[in-house]
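Asks: Just dropping this structure here.
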Amino acid sequence: MRRELARYAGQRLRFNATVKRFGSRTDDTGRKQHTACLSNVRVGKRIVAGHAWVDWQHGHGSEAGDLVELTATVCAYEKTRATRRRRGRKRWEKVIDYELVDIDEVAVK
C-alpha cells in the first residue's frame, strides 16, 4: 500500500515523476488502454510513491526516462494480493491501495 499517497486521498494535486516505461491493459469493455509506469512520484519534494501505473494517453509526448509534471486525483481502490504460502498454497487478501486518476496538464520537463 502507498501510505504516503493515502494522505492525499480525494485531493487533486500537481505531481512530478519519471516515466519508467510504457505498457497497455484491456479495460472493462475489451478496448486496449495505454499505461505508463511512473517512478519516484512526488508532491513538491516529498516522495509519495516509489512507482505507480497510470492510464496514459498515447505518450503525452513523453519518452521513457523523461521527468514529467502532471495534475491528478488520488483515489482509493481495492485490490487482491497474495500473502504467505501455506502448505504450498497462496493465501489471498483484499487490501485498499491508492492510484492516480483523471490525469491531465502533463508537461515534460
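Chain labels A, B, ... are given in the sequence in which chains occur in the C-alpha cells; within each chain residues are numbered consecutively from 1, and ligands are likewise numbered from 1 in the order shown.
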I want to know what sits within 7 Å of Arg81 (chain A), based on only C-alpha atoms, with residues of the same chain fewer than 5 positions away left out; could you give that as a ChimeraX atom specification?
Replies: /A:92-94
Asks: Any chance you could export the current selection's N, CA and C atoms as a short mmCIF file (atom, residue, chain, number, x, y, z; two decimals), in the first residue's frame?
Replies:
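Written out: selection26.cif:
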```
data_model
loop_
_atom_site.label_atom_id
_atom_site.label_comp_id
_atom_site.auth_asym_id
_atom_site.auth_seq_id
_atom_site.Cartn_x
_atom_site.Cartn_y
_atom_site.Cartn_z
N TRP A 92 -4.87 -15.34 -0.23
CA TRP A 92 -5.21 -14.08 -0.87
C TRP A 92 -5.93 -13.19 0.13
N GLU A 93 -5.64 -11.90 0.04
CA GLU A 93 -6.32 -10.94 0.90
C GLU A 93 -6.64 -9.68 0.09
N LYS A 94 -7.73 -9.03 0.49
CA LYS A 94 -8.10 -7.78 -0.16
C LYS A 94 -7.55 -6.63 0.67
#
```
Asks: If you count only C-alpha atoms, which residues fall within 9 Å of Tyr8 (chain A), apart from same-chain ones fewer than 5 positions away, as a PyMOL selection string?
Replies: chain A and resi 13+73-75
Asks: Using only C-alpha atoms, which residues sit within 9 Å of Gly65 (chain A) once same-chain residues fewer than 6 positions away are excluded, as a ChimeraX atom specification?
Replies: /A:18-21
Asks: So that I can see what lies close to region 34-36 of chain A, please list as a list in words the residues with an atom at most 8 Å from it, counting only C-alpha atoms and leaving out residues fewer than 3 positions away in the same chain.
Replies: Val19, Lys20, Arg21, Phe22, Gly23, Ser24, Arg25, Trp53, Val54, Asp55, Trp56, Gln57 and His58 of chain A
Asks: Please save C-alpha atoms of the selected residues as a PDB file, in the first residue's frame.
Replies:
```
ATOM      1  CA  VAL A  19       8.445   7.921 -16.821  1.00  0.00           C
ATOM      2  CA  LYS A  20       9.927   4.465 -16.329  1.00  0.00           C
ATOM      3  CA  ARG A  21       8.217   2.530 -19.134  1.00  0.00           C
ATOM      4  CA  PHE A  22       5.042   2.177 -21.159  1.00  0.00           C
ATOM      5  CA  GLY A  23       2.571  -0.681 -21.350  1.00  0.00           C
ATOM      6  CA  SER A  24      -1.070  -1.473 -22.020  1.00  0.00           C
ATOM      7  CA  ARG A  25      -4.047  -3.223 -20.466  1.00  0.00           C
ATOM      8  CA  TRP A  53       0.976   2.519 -13.038  1.00  0.00           C
ATOM      9  CA  VAL A  54      -1.384   5.068 -14.612  1.00  0.00           C
ATOM     10  CA  ASP A  55      -3.623   5.332 -17.672  1.00  0.00           C
ATOM     11  CA  TRP A  56      -1.664   7.329 -20.210  1.00  0.00           C
ATOM     12  CA  GLN A  57      -2.931   8.983 -23.383  1.00  0.00           C
ATOM     13  CA  HIS A  58      -0.709   7.759 -26.206  1.00  0.00           C
TER      14      HIS A  58
END
```
Asks: Identify, on the basis of only C-alpha atoms, every residue whose closest approach to Ile47 (chain A) does not exceed 10 Å; exclude the query and any residue fewer than 2 positions from it along the same chain; express the result as a ChimeraX atom specification.
Replies: /A:4-5,15-17,39-45,49-51
Asks: Among the residues of chain A, find those DSSP assigns to strand (DSSP E or B) from the backbone and print them as an NGL selection string.
Replies: :A and (12-26 or 32-43 or 46-55 or 67-86 or 89-108)
Asks: Please provide as a PyMOL selection string all residues within 7 Å of Ile103 (chain A), with the sequence filter that same-chain residues fewer than 4 positions apart are discarded (counting only C-alpha atoms).
Replies: chain A and resi 70-72
Asks: Those same residues - N, CA and C atoms - I'd like them written as a tab-separated table (two decimals), in the first residue's frame.
Replies:
```
chain	number	residue	atom	x	y	z
A	70	LEU	N	2.46	16.60	-13.75
A	70	LEU	CA	1.08	16.33	-14.14
A	70	LEU	C	0.13	16.63	-13.00
A	71	THR	N	-1.12	16.82	-13.34
A	71	THR	CA	-2.17	17.03	-12.35
A	71	THR	C	-3.01	15.76	-12.32
A	72	ALA	N	-3.31	15.25	-11.12
A	72	ALA	CA	-4.10	14.02	-10.99
A	72	ALA	C	-4.83	14.02	-9.65
```
Asks: Quote the spacing between CA of Val106 (chain A) and CA of Arg12 (chain A) in Å to one decimal place.
Replies: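 About the pair CA of Val106 (chain A) and CA of Arg12 (chain A): they are 13.8 Å apart.
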Asks: Have a look at CA of Arg31 (chain A) and CA of Ala9 (chain A) and let me know their distance in Å, one decimal.
Replies: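 Value for the CA of Arg31 (chain A)-CA of Ala9 (chain A) distance: 28.0 Å.
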